[in-house]
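Q: If you scroll down you'll find the structure; I have some questions about it.
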Amino acid sequence: MPDLMWFRNDLRTIDNPALSAAATGGVIGIFVCTPGTWRRHDWGPPRVTLLLESLRVLRSELEQLNIPLLIRIADTDMESVDIVTDVAAANGCATVHANREFGVDEARRDELAGSWLSERNIGFALHHDQVVFEPDDILTKGGTSFKVFTPFRNTWNGMLIDRGLPEHAPLTPCESVSPTSDPIPGSVPGFTPWPGITLWPAGQNAAMERLQRFLDGPVDRYHNTRNSPDIEGTSSLSPWLATGTLSPVTCLRPLVERFGPDPALWPAGPATWQSELVWRDFYRYVMHHNPKVSMRRPMQEWTVDLPWRQDDDGFEAWCNGRTGIEIVDAGMRQMLETGWMHNRVRMITAMFLTKNLLIDWRRGERFFARHLVDYDFASNNGGWQWSASTGTDAAPYFRIFNPNRQAELFDPDGAYRRRWNPDHHPLKTLPIVDLGSSRRRAIEIFKVARTAGC
Ligand SMILES: Cc1cc2nc3c(=O)[nH]c(=O)nc-3n(C[C@H](O)[C@H](O)[C@H](O)COP(=O)(O)OP(=O)(O)OC[C@H]3O[C@@H](n4cnc5c(N)ncnc54)[C@H](O)[C@@H]3O)c2cc1C
């Protein structure tokens with residue numbers, strides 16, 4: 001009897017616990033495209049194109065392991081349950097294996113899958129790979145969830161020392177099974193193929209090469225270079241991490257082998273990079289323990305009724321990189337062209353939208369979702385709620401970046417701004433908003449809400 005491996009956000013064979021558990025006899029792989037859910041979740045062509053390309057590479061990697069990859073198209077995640085149940089039953093599968101996801105819709109889908117599969121006497125085994133340590137295992141001494149990053153990271157680091165990283169032996173070819181792989185669709189309804197994909201070679205081998213290059217040098221300087229958008233100081237691994245083509249465990253293992261299990265004893269570069277990967281875990285953790293963030297609600301209740309401005313012209317200018325604030329425009333243009341934006345500039349552009357323009361963070365969150373190739377709900381939501389001061393452990397509302405000052409600090413020679421604003425000249429394009437008075441306006445409005453909502 002074969003097992004069925006249901007791929008979702010884990011498009012790889014390396015460090016894939018569900019696949020390792022399935023691969024003891026014959027295995028059939030399945031992926032269900034759900035364009036209706038992707039649309040509802042605000043995915044855009046960059047993210048979907050990367051997903052389809054990643055499936056193409058995965059299919060050939062799986063074939064070398066004798067695992068066919070079936071592709072089905074449903075509309076929504078809920079409909080995918082029906083398909084997976086039928087495929088498992090039709091192929092006489094004993095168990096369906098999958099890696100657990102933490103979003104609200106994904107959790108509901110898996111609950112339904114568990115009950116439908118059990119009605120057909122098929123097992124459903126959920127494994128865990130989306131973060132390094134499971135969110136339910138990381139709790140305060142009082143048994144509640146952490147709201148603040150630093151104690152979360154301290155506990156996370158303690159677990160790394162105590163437990164180490166999970167081990168997954170490399171896979172060997174499985175027993176042959178009868179179905180053959182399906183072709184991967186060139187596109188799915190509602191998502192045109194995205195030409196920028198040539199910048200982001202799909203698949204785990206491309207990710208491993210990039211990881212190796214980063215660990216061979218840049219990581220040692222990361223603490224000094226990570227805030228400079230004008231140089232390649234960060235790993236740019238986010239698209240692979242977001243599609244699950246690369247596991248955070250695979251990223252961290254070489255560092256643990258090199259420096260030992262206690263990140264507090266690592267050199268500054270690798271320790272700072274590890275901390276960023278823990279931020280990634282933290283935002284998934286926040287999503288798991290606070291379902292409201294998946295329902296477009298802020299973490300801080302006092303910010304629920306903030307009087308955001310409609311300002312469609314301002315929003316349009318921000319979206320198109322035409323605000324007249326060079327660093328903001330450069331960031332937006334970088335994203336529109338490449339599907340990626342440097343982290344420092346994501347913070348600057350998000351804070352400009354939510355504070356200087358006082359536009360609802362959810363509009364910006366959605367725009368990023370549609371244009372980022374590394375779009376990841378938890379990290380995007382976390383980044384937006386941090387910038388808008390609506391999140392847990394967010395930027396305090398009165399500490400508003402001055403984007404021009406940020407540009408002087410982090411792009412001192414203007415190389416990044418020139419690279420992405422070739423047609424721009426500061427004197428030619430007037431800013432759409434006065435930075436000083438809009439800053440004061442935001443502080444006043446947040447202060448009133450904070451006082452009323454305490
Ligand atoms: C407004 C806003 C929106 C964001 N949207 C996304 C998103 O949709 N998808 C996404 O992956 N990241 C998002 N981030 C986080 C961060 O900007 C990117 O992960 C990072 O820029 C990716 O570049 P890198 O791979 O070179 O990161 P590196 O600096 O090399 O870090 C390594 C990895 O750690 C993780 N990471 C790094 N910084 C963060 C962070 N602040 N929060 C969570 N994880 C982090 C990422 O997986 C990243 O690939 C957002 C941040 C902000 C402020």
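Ligands are numbered from 1 in the order shown, residues from 1 within each chain, and chains are lettered A, B, ... in the order they appear in the structure tokens.
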I want to know what sits within 9 Å of region 395-405 of chain A, based on only C-alpha atoms, with residues of the same chain fewer than 2 positions away left out; could you give that as a PyMOL selection string?
A: chain A and resi 325-328+347-349+351-352+355-356+385-391+393+407-410+435-436+439-440+442-444+446-447
Q: Around ligand 1, at most 7 Å away and counting only C-alpha atoms and all ligand atoms, which residues are there? Put them as a VMD selection string, please.
A: chain A and resid 226 234 to 239 241 to 242 273 276 to 277 279 to 280 283 341 to 343 346 to 347 350 368 to 369 372 374 to 377 379 to 384 387
Q: Neighbouring residues of Pro263 (chain A) were defined as those with any atom within 8 Å, considering only C-alpha atoms; residues of the same chain fewer than 5 positions away were excluded. Please report them as an MDAnalysis selection string.
A: chainID A and resid 157 271 274
Q: Could you dump the residues just selected with C-alpha atoms as a PDB file, in the first residue's frame?
A:
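result.pdb, written as the output of this step:
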ATOM      1  CA  ASN A 157      17.646  29.445  21.889  1.00  0.00           C
ATOM      2  CA  ALA A 271      24.193  35.279  15.409  1.00  0.00           C
ATOM      3  CA  GLN A 274      20.022  33.447  13.137  1.00  0.00           C
TER       4      GLN A 274
END
Q: Pick out the closest residue to Leu11 (chain A) from this set: A:Arg47, A:Ser247, A:Ala415, A:Glu79. Count only C-alpha atoms.
A: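 Looking at the shortest contact to Leu11 (chain A), the residue is A:Ser247.
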Q: For region 283-336 of chain A against region 38-43 of chain A, with a cut-off of 12 Å and counting only C-alpha atoms, what is the closest atom pair and its distance in Å to one decimal for every residue that makes the cut, ordered by chain and number, as a tab-separated table?
A:
residue	atom	partner	partner_atom	distance
A:Ser294	CA	A:His41	CA	9.8
A:Met295	CA	A:His41	CA	10.6
A:Arg296	CA	A:His41	CA	10.9
Q: What residues in region 162-402 of chain A get the DSSP label alpha helix (DSSP H)? Please answer as a ChimeraX atom specification.
A: /A:162-163,204-215,218-225,238-243,248-259,268-289,312-319,326-338,343-351,361-371,377-387
Q: Fewer than 4 positions away in the same chain doesn't count, so skip those; otherwise give me all residues within 7 Å of Gly114 (chain A), counting only C-alpha atoms, as a list in words.
A: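 Surrounding residues, per the criterion: Asp110, Ser118 and Phe124 of chain A.
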Q: Point out the residue among A:Leu171, A:His288, A:Leu70, A:Thr155 with the least atom-to-atom distance to Pro135 (chain A), counting only C-alpha atoms.
A: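 Distance minimum relative to Pro135 (chain A) lands on A:His288.
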